[in-house]
Amino acid sequence: MKFKKQIYGMKAYQPGKPIEEVQKEFGLKEVVKLASNENPFGCSPKVKDFIVNNGMNFAIYPDGYAQELRTAVSQHLGVDESQLLFGNGSDDIIAIITRALLYPGVNTVMADPSFSQYSHNAEVEGAEVRKVPLKDGKHDLEKMLEAIDENTSIVWVCNPNNPTGTIVSDEELSSFIEKVPSDVLIVLDEAYFEYITDPAYKDTLHYVEEYPNVLIMRTFSKAYGLAAFRIGYAIGQSKLIAALDPVRAPFNNTVLSQKVAIVALEDQQFIQETVEQTEKGKQQYVEFCNKHGLKYYPSQTNFILFEVKADSDVIFQEMMKRGFIIRSGNALGTPGFIRVSIGTEEQNRKFLSLLEEVLKEQGVLA
Ligand SMILES: *Cc1c(COP(=O)(O)O)cnc(C)c1O
C-alpha cells in the first residue's frame with residue numbers, strides 16, 4: 001500500500017504500563033501507578049454523582065462545537081467563546097495543529113527532552129523536527145530562537161516542561177514571544193497550569209490578546225483528574241481558532257466528557273485541595289533527594305524527575321516488582337533519572353521507603 005514514507009519505522013506511543021498487567025505479571029494484590037501524572041485524589045466527587053444520575057440519551061451524537069462546555073470554559077477564563085478549540089485531550093489538539101501547519105519541507109522547533117507528541121506528530125506529517133537541548137532542565141529559548149528560520153511553522157514551549165517540571169519565567173517568555181517571527185505559531189503547552197505556584201510564572205492569556213500567533217493548550221487530564229474522558233483545549237485569537245477548526249474531527253469529544261468537564265470546572269475547591277496536597281507530596285520527594293544527595297529538577301507540576309545514580313530501567317523494574325509503576329528516564333531522554341507522579345501522602349511514603357531499599361540493594365546508598 002502507499003503509506004507516507006515517514007510512517008515506516010515509526011513506533012506507536014508507549015504509555016505507562018497498565019496496573020492490571022503488572023498485577024498479573026508479578027502476582028501483586030495492589031499496584032500503584034505513578035507513571036502518567038494522573039491525579040491520585042481522583043476527580044471531583046460531583047463528577048461521580050453526575051455520572052450516576054444524568055438521564056442522558058447516548059444514541060444521539062455529541063455537540064461537535066461543545067457549546068455548553070465552551071460557554072463554561074470561556075466564562076471561567078474570561079475569553080470569548082470563539083477563542084476556544086476543544087480536543088480529544090490536548091493530544092488531539094497537537095494532532096490538529098500539526099496536521100494544519102506541517103508538511104514536508106517545513107520545520108518545527110522544540111526543546112529536548114520535552115513532550116514526545118510534538119515530534120511524533122511532526123514526523124507523521126513529514127516535517128523536519130529541530131530539537132534544542134534543555135539547559136539545566138530548562139528551555140534554552142535563545143538557542144530555540146536561533147533554530148527558527150524562514151521554513152519554521154511551529155515552535156513549542158512546554159511550560160512547565162514534561163519531563164523536567166521546570167518553568168519558563170514570564171520575563172523569559174515575553175522577550176521570546178516578541179522575537180519569534182509573526183508568521184511562526186508559538187504553542188504554549190500548559191498541561192500542568194493549575195499546579196504552578198512559582199510567582200515567576202504569570203498568567204499567559206494576555207499574550208493571546210497581543211499576539212495572533214500565540215496558542216495556549218490546557219487540559220482536564222491532570223489536575224482535574226479526568227484523563228479517562230479526554231478533554232483538552234486550546235486558546236487563541238478567534239481567527240486562529242477558526243483556521244484550525246476545519247481540521248478537527250466532527251465529534252471529537254463525547255457527550256459524557258463534555259458534561260463531566262463542566263461539572264469538574266465548577267468544583268474549584270477540589271483543584272485547590274489537589275494542588276495543596278501535591279505541593280506537600282512533592283516536598284516528601286525533595287526531602288528524600290536532599291537527604292541522599294540525589295539531583296532533582298525544581299518541579300511546578302505533579303511529578304518530579306530525579307537522579308537514581310543507577311540504570312533507570314533497573315530501578316523501574318525493581319519498583320514494579322514492589323507494586324509501583326513509574327517512568328524510567330531511559331524512555332524520556334533522561335537516563336539515570338526516574339520520573340515519578342506525586343501520589344497521596346501514604347503512596348509517596350511507601351514508594352520512597354521501597355526506593356531507599358532498592359537503592360541500597362543496588363549499592364547507590366550505603
Ligand atoms: C499529559 C500531557 C499532555 C496530554 O494531555 P491530554 O489532554 O490527556 O491529551 C499534553 N502535554 C503535556 C506536556 C502533558 O504532560
# chains A, B, ... in the order shown; residues from 1 in each chain; ligands from 1
call {"tool": "residues_around", "arguments": {"residues": "stretch 271-288 of chain A", "least_positions_apart": "4", "cutoff": "10 Å", "atoms": "only C-alpha atoms", "output": "VMD selection string"}}
result
chain A and resid 39 to 44 194 to 197 223 to 225 264 to 267 292 to 306 340 to 349 351 to 353 355 to 356
call {"tool": "residues_around", "arguments": {"residues": "A:Gln317", "least_positions_apart": "4", "cutoff": "12 Å", "atoms": "only C-alpha atoms", "output": "ChimeraX atom specification"}}
result
/A:17,22,25-26,311-313,321-328,338,355,358
call {"tool": "residues_around", "arguments": {"residues": "A:Ser116", "least_positions_apart": "2", "cutoff": "9 Å", "atoms": "only C-alpha atoms", "output": "PyMOL selection string"}}
result
chain A and resi 13+113-114+118-121+162+332
call {"tool": "write_last_selection", "arguments": {"atoms": "N, CA, C and O atoms", "output": "mmCIF file, in the first residue's frame"}}
result
data_model
loop_
_atom_site.group_PDB
_atom_site.id
_atom_site.type_symbol
_atom_site.label_atom_id
_atom_site.label_comp_id
_atom_site.auth_asym_id
_atom_site.auth_seq_id
_atom_site.Cartn_x
_atom_site.Cartn_y
_atom_site.Cartn_z
ATOM 1 N N TYR A 13 2.833 5.316 20.353
ATOM 2 C CA TYR A 13 3.125 5.878 21.680
ATOM 3 C C TYR A 13 3.172 4.766 22.727
ATOM 4 O O TYR A 13 2.319 3.879 22.743
ATOM 5 N N PRO A 113 14.921 16.991 26.242
ATOM 6 C CA PRO A 113 13.647 16.305 26.087
ATOM 7 C C PRO A 113 12.452 17.185 26.466
ATOM 8 O O PRO A 113 12.556 18.038 27.335
ATOM 9 N N SER A 114 11.345 16.908 25.779
ATOM 10 C CA SER A 114 10.079 17.568 26.088
ATOM 11 C C SER A 114 8.974 16.574 25.768
ATOM 12 O O SER A 114 9.253 15.378 25.591
ATOM 13 N N TYR A 118 4.891 16.231 20.256
ATOM 14 C CA TYR A 118 5.188 17.285 19.280
ATOM 15 C C TYR A 118 5.984 16.695 18.118
ATOM 16 O O TYR A 118 5.644 16.888 16.946
ATOM 17 N N SER A 119 7.063 15.975 18.453
ATOM 18 C CA SER A 119 7.904 15.427 17.378
ATOM 19 C C SER A 119 7.206 14.264 16.687
ATOM 20 O O SER A 119 7.299 14.114 15.474
ATOM 21 N N HIS A 120 6.483 13.469 17.456
ATOM 22 C CA HIS A 120 5.795 12.315 16.864
ATOM 23 C C HIS A 120 4.834 12.765 15.751
ATOM 24 O O HIS A 120 4.862 12.251 14.631
ATOM 25 N N ASN A 121 3.994 13.735 16.076
ATOM 26 C CA ASN A 121 3.024 14.219 15.090
ATOM 27 C C ASN A 121 3.709 14.930 13.920
ATOM 28 O O ASN A 121 3.264 14.829 12.778
ATOM 29 N N ASN A 162 7.442 18.852 30.502
ATOM 30 C CA ASN A 162 7.418 17.424 30.800
ATOM 31 C C ASN A 162 8.569 16.830 29.988
ATOM 32 O O ASN A 162 8.576 17.029 28.783
ATOM 33 N N LEU A 332 12.538 8.620 28.499
ATOM 34 C CA LEU A 332 12.183 10.045 28.416
ATOM 35 C C LEU A 332 13.333 10.919 27.936
ATOM 36 O O LEU A 332 13.211 12.139 27.877
#
call {"tool": "residues_near_ligand", "arguments": {"ligand": "ligand 1", "cutoff": "6 Å", "atoms": "only C-alpha atoms and all ligand atoms", "output": "list in words"}}
result
Gly89, Ser90, Asp91, Phe115, Cys158, Asn162, Asp189, Ala191, Thr219, Ser221, Ala227, Arg230, Ile231 and Gly232 of chain A
call {"tool": "write_last_selection", "arguments": {"atoms": "all heavy atoms", "output": "mmCIF file, in the first residue's frame"}}
result
data_model
loop_
_atom_site.group_PDB
_atom_site.id
_atom_site.type_symbol
_atom_site.label_atom_id
_atom_site.label_comp_id
_atom_site.auth_asym_id
_atom_site.auth_seq_id
_atom_site.Cartn_x
_atom_site.Cartn_y
_atom_site.Cartn_z
ATOM 1 N N GLY A 89 -8.568 15.355 24.332
ATOM 2 C CA GLY A 89 -7.297 15.534 25.034
ATOM 3 C C GLY A 89 -6.451 16.563 24.296
ATOM 4 O O GLY A 89 -6.733 16.877 23.137
ATOM 5 N N SER A 90 -5.419 17.111 24.973
ATOM 6 C CA SER A 90 -4.511 18.013 24.240
ATOM 7 C C SER A 90 -3.773 17.250 23.164
ATOM 8 O O SER A 90 -3.299 17.851 22.204
ATOM 9 C CB SER A 90 -3.465 18.679 25.128
ATOM 10 O OG SER A 90 -3.795 18.720 26.447
ATOM 11 N N ASP A 91 -3.670 15.946 23.327
ATOM 12 C CA ASP A 91 -3.051 15.123 22.272
ATOM 13 C C ASP A 91 -3.726 15.388 20.920
ATOM 14 O O ASP A 91 -3.055 15.479 19.891
ATOM 15 C CB ASP A 91 -3.183 13.630 22.600
ATOM 16 C CG ASP A 91 -2.247 13.196 23.723
ATOM 17 O OD1 ASP A 91 -1.261 13.910 23.989
ATOM 18 O OD2 ASP A 91 -2.509 12.143 24.327
ATOM 19 N N PHE A 115 7.748 17.029 25.686
ATOM 20 C CA PHE A 115 6.636 16.112 25.472
ATOM 21 C C PHE A 115 6.743 15.460 24.083
ATOM 22 O O PHE A 115 6.866 16.154 23.081
ATOM 23 C CB PHE A 115 5.319 16.880 25.616
ATOM 24 C CG PHE A 115 4.110 16.007 25.699
ATOM 25 C CD1 PHE A 115 4.026 14.991 26.640
ATOM 26 C CD2 PHE A 115 3.042 16.196 24.831
ATOM 27 C CE1 PHE A 115 2.901 14.179 26.730
ATOM 28 C CE2 PHE A 115 1.916 15.396 24.911
ATOM 29 C CZ PHE A 115 1.848 14.385 25.861
ATOM 30 N N CYS A 158 6.834 23.961 26.185
ATOM 31 C CA CYS A 158 6.115 23.118 27.142
ATOM 32 C C CYS A 158 6.352 23.733 28.516
ATOM 33 O O CYS A 158 7.435 23.620 29.073
ATOM 34 C CB CYS A 158 6.649 21.690 27.065
ATOM 35 S SG CYS A 158 5.691 20.503 28.014
ATOM 36 N N ASN A 162 7.442 18.852 30.502
ATOM 37 C CA ASN A 162 7.418 17.424 30.800
ATOM 38 C C ASN A 162 8.569 16.830 29.988
ATOM 39 O O ASN A 162 8.576 17.029 28.783
ATOM 40 C CB ASN A 162 6.060 16.851 30.354
ATOM 41 C CG ASN A 162 5.905 15.391 30.690
ATOM 42 O OD1 ASN A 162 6.819 14.762 31.197
ATOM 43 N ND2 ASN A 162 4.732 14.851 30.375
ATOM 44 N N ASP A 189 2.237 24.908 25.765
ATOM 45 C CA ASP A 189 1.541 23.736 26.320
ATOM 46 C C ASP A 189 1.538 23.858 27.837
ATOM 47 O O ASP A 189 2.567 23.691 28.492
ATOM 48 C CB ASP A 189 2.246 22.450 25.871
ATOM 49 C CG ASP A 189 1.515 21.192 26.341
ATOM 50 O OD1 ASP A 189 0.586 21.299 27.163
ATOM 51 O OD2 ASP A 189 1.885 20.085 25.881
ATOM 52 N N ALA A 191 -0.239 22.012 30.186
ATOM 53 C CA ALA A 191 -0.990 20.871 30.725
ATOM 54 C C ALA A 191 -0.993 20.867 32.255
ATOM 55 O O ALA A 191 -1.908 20.330 32.878
ATOM 56 C CB ALA A 191 -0.410 19.561 30.193
ATOM 57 N N THR A 219 -5.649 21.340 29.743
ATOM 58 C CA THR A 219 -6.301 20.031 29.717
ATOM 59 C C THR A 219 -7.060 19.729 31.008
ATOM 60 O O THR A 219 -6.747 20.299 32.059
ATOM 61 C CB THR A 219 -5.255 18.913 29.460
ATOM 62 O OG1 THR A 219 -5.917 17.654 29.407
ATOM 63 C CG2 THR A 219 -4.206 18.859 30.562
ATOM 64 N N SER A 221 -7.009 16.618 31.967
ATOM 65 C CA SER A 221 -6.445 15.296 32.286
ATOM 66 C C SER A 221 -5.598 15.253 33.543
ATOM 67 O O SER A 221 -5.421 14.199 34.121
ATOM 68 C CB SER A 221 -5.565 14.809 31.130
ATOM 69 O OG SER A 221 -6.339 14.586 29.985
ATOM 70 N N ALA A 227 -8.413 12.247 33.098
ATOM 71 C CA ALA A 227 -7.625 11.741 31.964
ATOM 72 C C ALA A 227 -8.433 10.763 31.109
ATOM 73 O O ALA A 227 -8.298 10.727 29.886
ATOM 74 C CB ALA A 227 -6.342 11.078 32.459
ATOM 75 N N ARG A 230 -10.700 12.436 28.204
ATOM 76 C CA ARG A 230 -10.078 13.019 27.024
ATOM 77 C C ARG A 230 -10.647 14.384 26.644
ATOM 78 O O ARG A 230 -11.290 14.535 25.600
ATOM 79 C CB ARG A 230 -10.154 12.065 25.809
ATOM 80 C CG ARG A 230 -9.823 10.626 26.063
ATOM 81 C CD ARG A 230 -8.447 10.397 26.649
ATOM 82 N NE ARG A 230 -7.382 10.962 25.852
ATOM 83 C CZ ARG A 230 -6.498 11.845 26.342
ATOM 84 N NH1 ARG A 230 -6.544 12.265 27.591
ATOM 85 N NH2 ARG A 230 -5.554 12.303 25.567
ATOM 86 N N ILE A 231 -10.413 15.376 27.488
ATOM 87 C CA ILE A 231 -10.791 16.749 27.130
ATOM 88 C C ILE A 231 -9.593 17.668 27.312
ATOM 89 O O ILE A 231 -9.104 17.852 28.418
ATOM 90 C CB ILE A 231 -11.954 17.303 27.992
ATOM 91 C CG1 ILE A 231 -13.210 16.455 27.800
ATOM 92 C CG2 ILE A 231 -12.211 18.768 27.663
ATOM 93 C CD1 ILE A 231 -14.291 17.064 26.965
ATOM 94 N N GLY A 232 -9.143 18.232 26.213
ATOM 95 C CA GLY A 232 -8.119 19.269 26.252
ATOM 96 C C GLY A 232 -8.626 20.410 25.393
ATOM 97 O O GLY A 232 -9.581 20.241 24.632
#
call {"tool": "residues_around", "arguments": {"residues": "stretch 62-72 of chain A", "least_positions_apart": "6", "cutoff": "8 Å", "atoms": "only C-alpha atoms", "output": "PyMOL selection string"}}
result
chain A and resi 81+84+86+250-255+258-259+261-262+265
call {"tool": "closest_residue", "arguments": {"among": "A:Pro45, A:Gly333, A:Pro160, A:Gly236", "to": "A:Asp80", "atoms": "only C-alpha atoms"}}
result
A:Gly236
call {"tool": "select_by_dssp", "arguments": {"residues": "stretch 185-327 of chain A", "states": "strand (DSSP E)", "output": "list in words"}}
result
Leu185, Ile186, Val187, Leu188, Asp189, Val214, Leu215, Ile216, Met217, Arg218, Thr219, Ile231, Gly232, Tyr233, Ala234, Ile235, Phe303, Ile304, Leu305, Phe306, Glu307, Phe324, Ile325 and Arg327 of chain A
call {"tool": "decode", "arguments": {"residues": "stretch 144-166 of chain A", "atoms": "N, CA, C and O atoms", "output": "PDB file, in the first residue's frame"}}
result
ATOM      1  N   MET A 144      16.631  28.203  20.856  1.00  0.00           N
ATOM      2  CA  MET A 144      15.412  27.899  20.104  1.00  0.00           C
ATOM      3  C   MET A 144      15.130  29.003  19.081  1.00  0.00           C
ATOM      4  O   MET A 144      14.747  28.726  17.951  1.00  0.00           O
ATOM      5  N   LEU A 145      15.399  30.258  19.478  1.00  0.00           N
ATOM      6  CA  LEU A 145      15.244  31.375  18.532  1.00  0.00           C
ATOM      7  C   LEU A 145      16.191  31.211  17.348  1.00  0.00           C
ATOM      8  O   LEU A 145      15.803  31.414  16.197  1.00  0.00           O
ATOM      9  N   GLU A 146      17.439  30.800  17.654  1.00  0.00           N
ATOM     10  CA  GLU A 146      18.430  30.615  16.588  1.00  0.00           C
ATOM     11  C   GLU A 146      18.021  29.497  15.637  1.00  0.00           C
ATOM     12  O   GLU A 146      18.377  29.521  14.460  1.00  0.00           O
ATOM     13  N   ALA A 147      17.282  28.502  16.149  1.00  0.00           N
ATOM     14  CA  ALA A 147      16.885  27.360  15.311  1.00  0.00           C
ATOM     15  C   ALA A 147      15.741  27.718  14.355  1.00  0.00           C
ATOM     16  O   ALA A 147      15.469  27.011  13.389  1.00  0.00           O
ATOM     17  N   ILE A 148      15.060  28.813  14.641  1.00  0.00           N
ATOM     18  CA  ILE A 148      13.936  29.229  13.799  1.00  0.00           C
ATOM     19  C   ILE A 148      14.460  29.885  12.516  1.00  0.00           C
ATOM     20  O   ILE A 148      15.332  30.749  12.567  1.00  0.00           O
ATOM     21  N   ASP A 149      13.954  29.452  11.368  1.00  0.00           N
ATOM     22  CA  ASP A 149      14.305  30.126  10.109  1.00  0.00           C
ATOM     23  C   ASP A 149      13.042  30.341   9.276  1.00  0.00           C
ATOM     24  O   ASP A 149      11.928  30.159   9.769  1.00  0.00           O
ATOM     25  N   GLU A 150      13.217  30.705   7.994  1.00  0.00           N
ATOM     26  CA  GLU A 150      12.039  31.065   7.186  1.00  0.00           C
ATOM     27  C   GLU A 150      11.143  29.860   6.899  1.00  0.00           C
ATOM     28  O   GLU A 150      10.006  30.034   6.483  1.00  0.00           O
ATOM     29  N   ASN A 151      11.658  28.627   7.154  1.00  0.00           N
ATOM     30  CA  ASN A 151      10.831  27.441   6.932  1.00  0.00           C
ATOM     31  C   ASN A 151      10.198  26.899   8.215  1.00  0.00           C
ATOM     32  O   ASN A 151       9.609  25.819   8.214  1.00  0.00           O
ATOM     33  N   THR A 152      10.337  27.636   9.304  1.00  0.00           N
ATOM     34  CA  THR A 152       9.749  27.179  10.572  1.00  0.00           C
ATOM     35  C   THR A 152       8.264  27.535  10.622  1.00  0.00           C
ATOM     36  O   THR A 152       7.886  28.678  10.347  1.00  0.00           O
ATOM     37  N   SER A 153       7.428  26.541  10.977  1.00  0.00           N
ATOM     38  CA  SER A 153       5.984  26.787  11.084  1.00  0.00           C
ATOM     39  C   SER A 153       5.485  26.835  12.516  1.00  0.00           C
ATOM     40  O   SER A 153       4.540  27.562  12.824  1.00  0.00           O
ATOM     41  N   ILE A 154       6.062  25.997  13.381  1.00  0.00           N
ATOM     42  CA  ILE A 154       5.597  25.948  14.785  1.00  0.00           C
ATOM     43  C   ILE A 154       6.792  25.886  15.720  1.00  0.00           C
ATOM     44  O   ILE A 154       7.747  25.154  15.470  1.00  0.00           O
ATOM     45  N   VAL A 155       6.715  26.635  16.833  1.00  0.00           N
ATOM     46  CA  VAL A 155       7.666  26.453  17.927  1.00  0.00           C
ATOM     47  C   VAL A 155       6.853  26.104  19.182  1.00  0.00           C
ATOM     48  O   VAL A 155       5.814  26.694  19.445  1.00  0.00           O
ATOM     49  N   TRP A 156       7.331  25.054  19.889  1.00  0.00           N
ATOM     50  CA  TRP A 156       6.600  24.537  21.054  1.00  0.00           C
ATOM     51  C   TRP A 156       7.309  24.947  22.332  1.00  0.00           C
ATOM     52  O   TRP A 156       8.524  24.732  22.461  1.00  0.00           O
ATOM     53  N   VAL A 157       6.561  25.494  23.280  1.00  0.00           N
ATOM     54  CA  VAL A 157       7.109  25.761  24.614  1.00  0.00           C
ATOM     55  C   VAL A 157       6.248  24.993  25.609  1.00  0.00           C
ATOM     56  O   VAL A 157       5.067  25.305  25.783  1.00  0.00           O
ATOM     57  N   CYS A 158       6.834  23.961  26.185  1.00  0.00           N
ATOM     58  CA  CYS A 158       6.115  23.118  27.142  1.00  0.00           C
ATOM     59  C   CYS A 158       6.352  23.733  28.516  1.00  0.00           C
ATOM     60  O   CYS A 158       7.435  23.620  29.073  1.00  0.00           O
ATOM     61  N   ASN A 159       5.328  24.395  29.049  1.00  0.00           N
ATOM     62  CA  ASN A 159       5.518  25.237  30.231  1.00  0.00           C
ATOM     63  C   ASN A 159       4.432  24.997  31.267  1.00  0.00           C
ATOM     64  O   ASN A 159       3.319  25.473  31.092  1.00  0.00           O
ATOM     65  N   PRO A 160       4.736  24.260  32.357  1.00  0.00           N
ATOM     66  CA  PRO A 160       6.003  23.623  32.718  1.00  0.00           C
ATOM     67  C   PRO A 160       6.341  22.459  31.787  1.00  0.00           C
ATOM     68  O   PRO A 160       5.445  21.854  31.200  1.00  0.00           O
ATOM     69  N   ASN A 161       7.661  22.176  31.723  1.00  0.00           N
ATOM     70  CA  ASN A 161       8.114  21.156  30.787  1.00  0.00           C
ATOM     71  C   ASN A 161       7.927  19.744  31.358  1.00  0.00           C
ATOM     72  O   ASN A 161       8.205  19.484  32.511  1.00  0.00           O
ATOM     73  N   ASN A 162       7.442  18.852  30.502  1.00  0.00           N
ATOM     74  CA  ASN A 162       7.418  17.424  30.800  1.00  0.00           C
ATOM     75  C   ASN A 162       8.569  16.830  29.988  1.00  0.00           C
ATOM     76  O   ASN A 162       8.576  17.029  28.783  1.00  0.00           O
ATOM     77  N   PRO A 163       9.554  16.177  30.581  1.00  0.00           N
ATOM     78  CA  PRO A 163       9.591  15.507  31.889  1.00  0.00           C
ATOM     79  C   PRO A 163      10.350  16.224  33.010  1.00  0.00           C
ATOM     80  O   PRO A 163      10.536  15.605  34.064  1.00  0.00           O
ATOM     81  N   THR A 164      10.811  17.464  32.855  1.00  0.00           N
ATOM     82  CA  THR A 164      11.633  18.039  33.922  1.00  0.00           C
ATOM     83  C   THR A 164      10.808  18.808  34.955  1.00  0.00           C
ATOM     84  O   THR A 164      11.277  19.006  36.083  1.00  0.00           O
ATOM     85  N   GLY A 165       9.620  19.282  34.579  1.00  0.00           N
ATOM     86  CA  GLY A 165       8.761  20.007  35.517  1.00  0.00           C
ATOM     87  C   GLY A 165       9.132  21.467  35.697  1.00  0.00           C
ATOM     88  O   GLY A 165       8.508  22.186  36.485  1.00  0.00           O
ATOM     89  N   THR A 166      10.148  21.935  34.972  1.00  0.00           N
ATOM     90  CA  THR A 166      10.628  23.320  35.115  1.00  0.00           C
ATOM     91  C   THR A 166       9.752  24.293  34.334  1.00  0.00           C
ATOM     92  O   THR A 166       9.110  23.914  33.355  1.00  0.00           O
TER      93      THR A 166
END
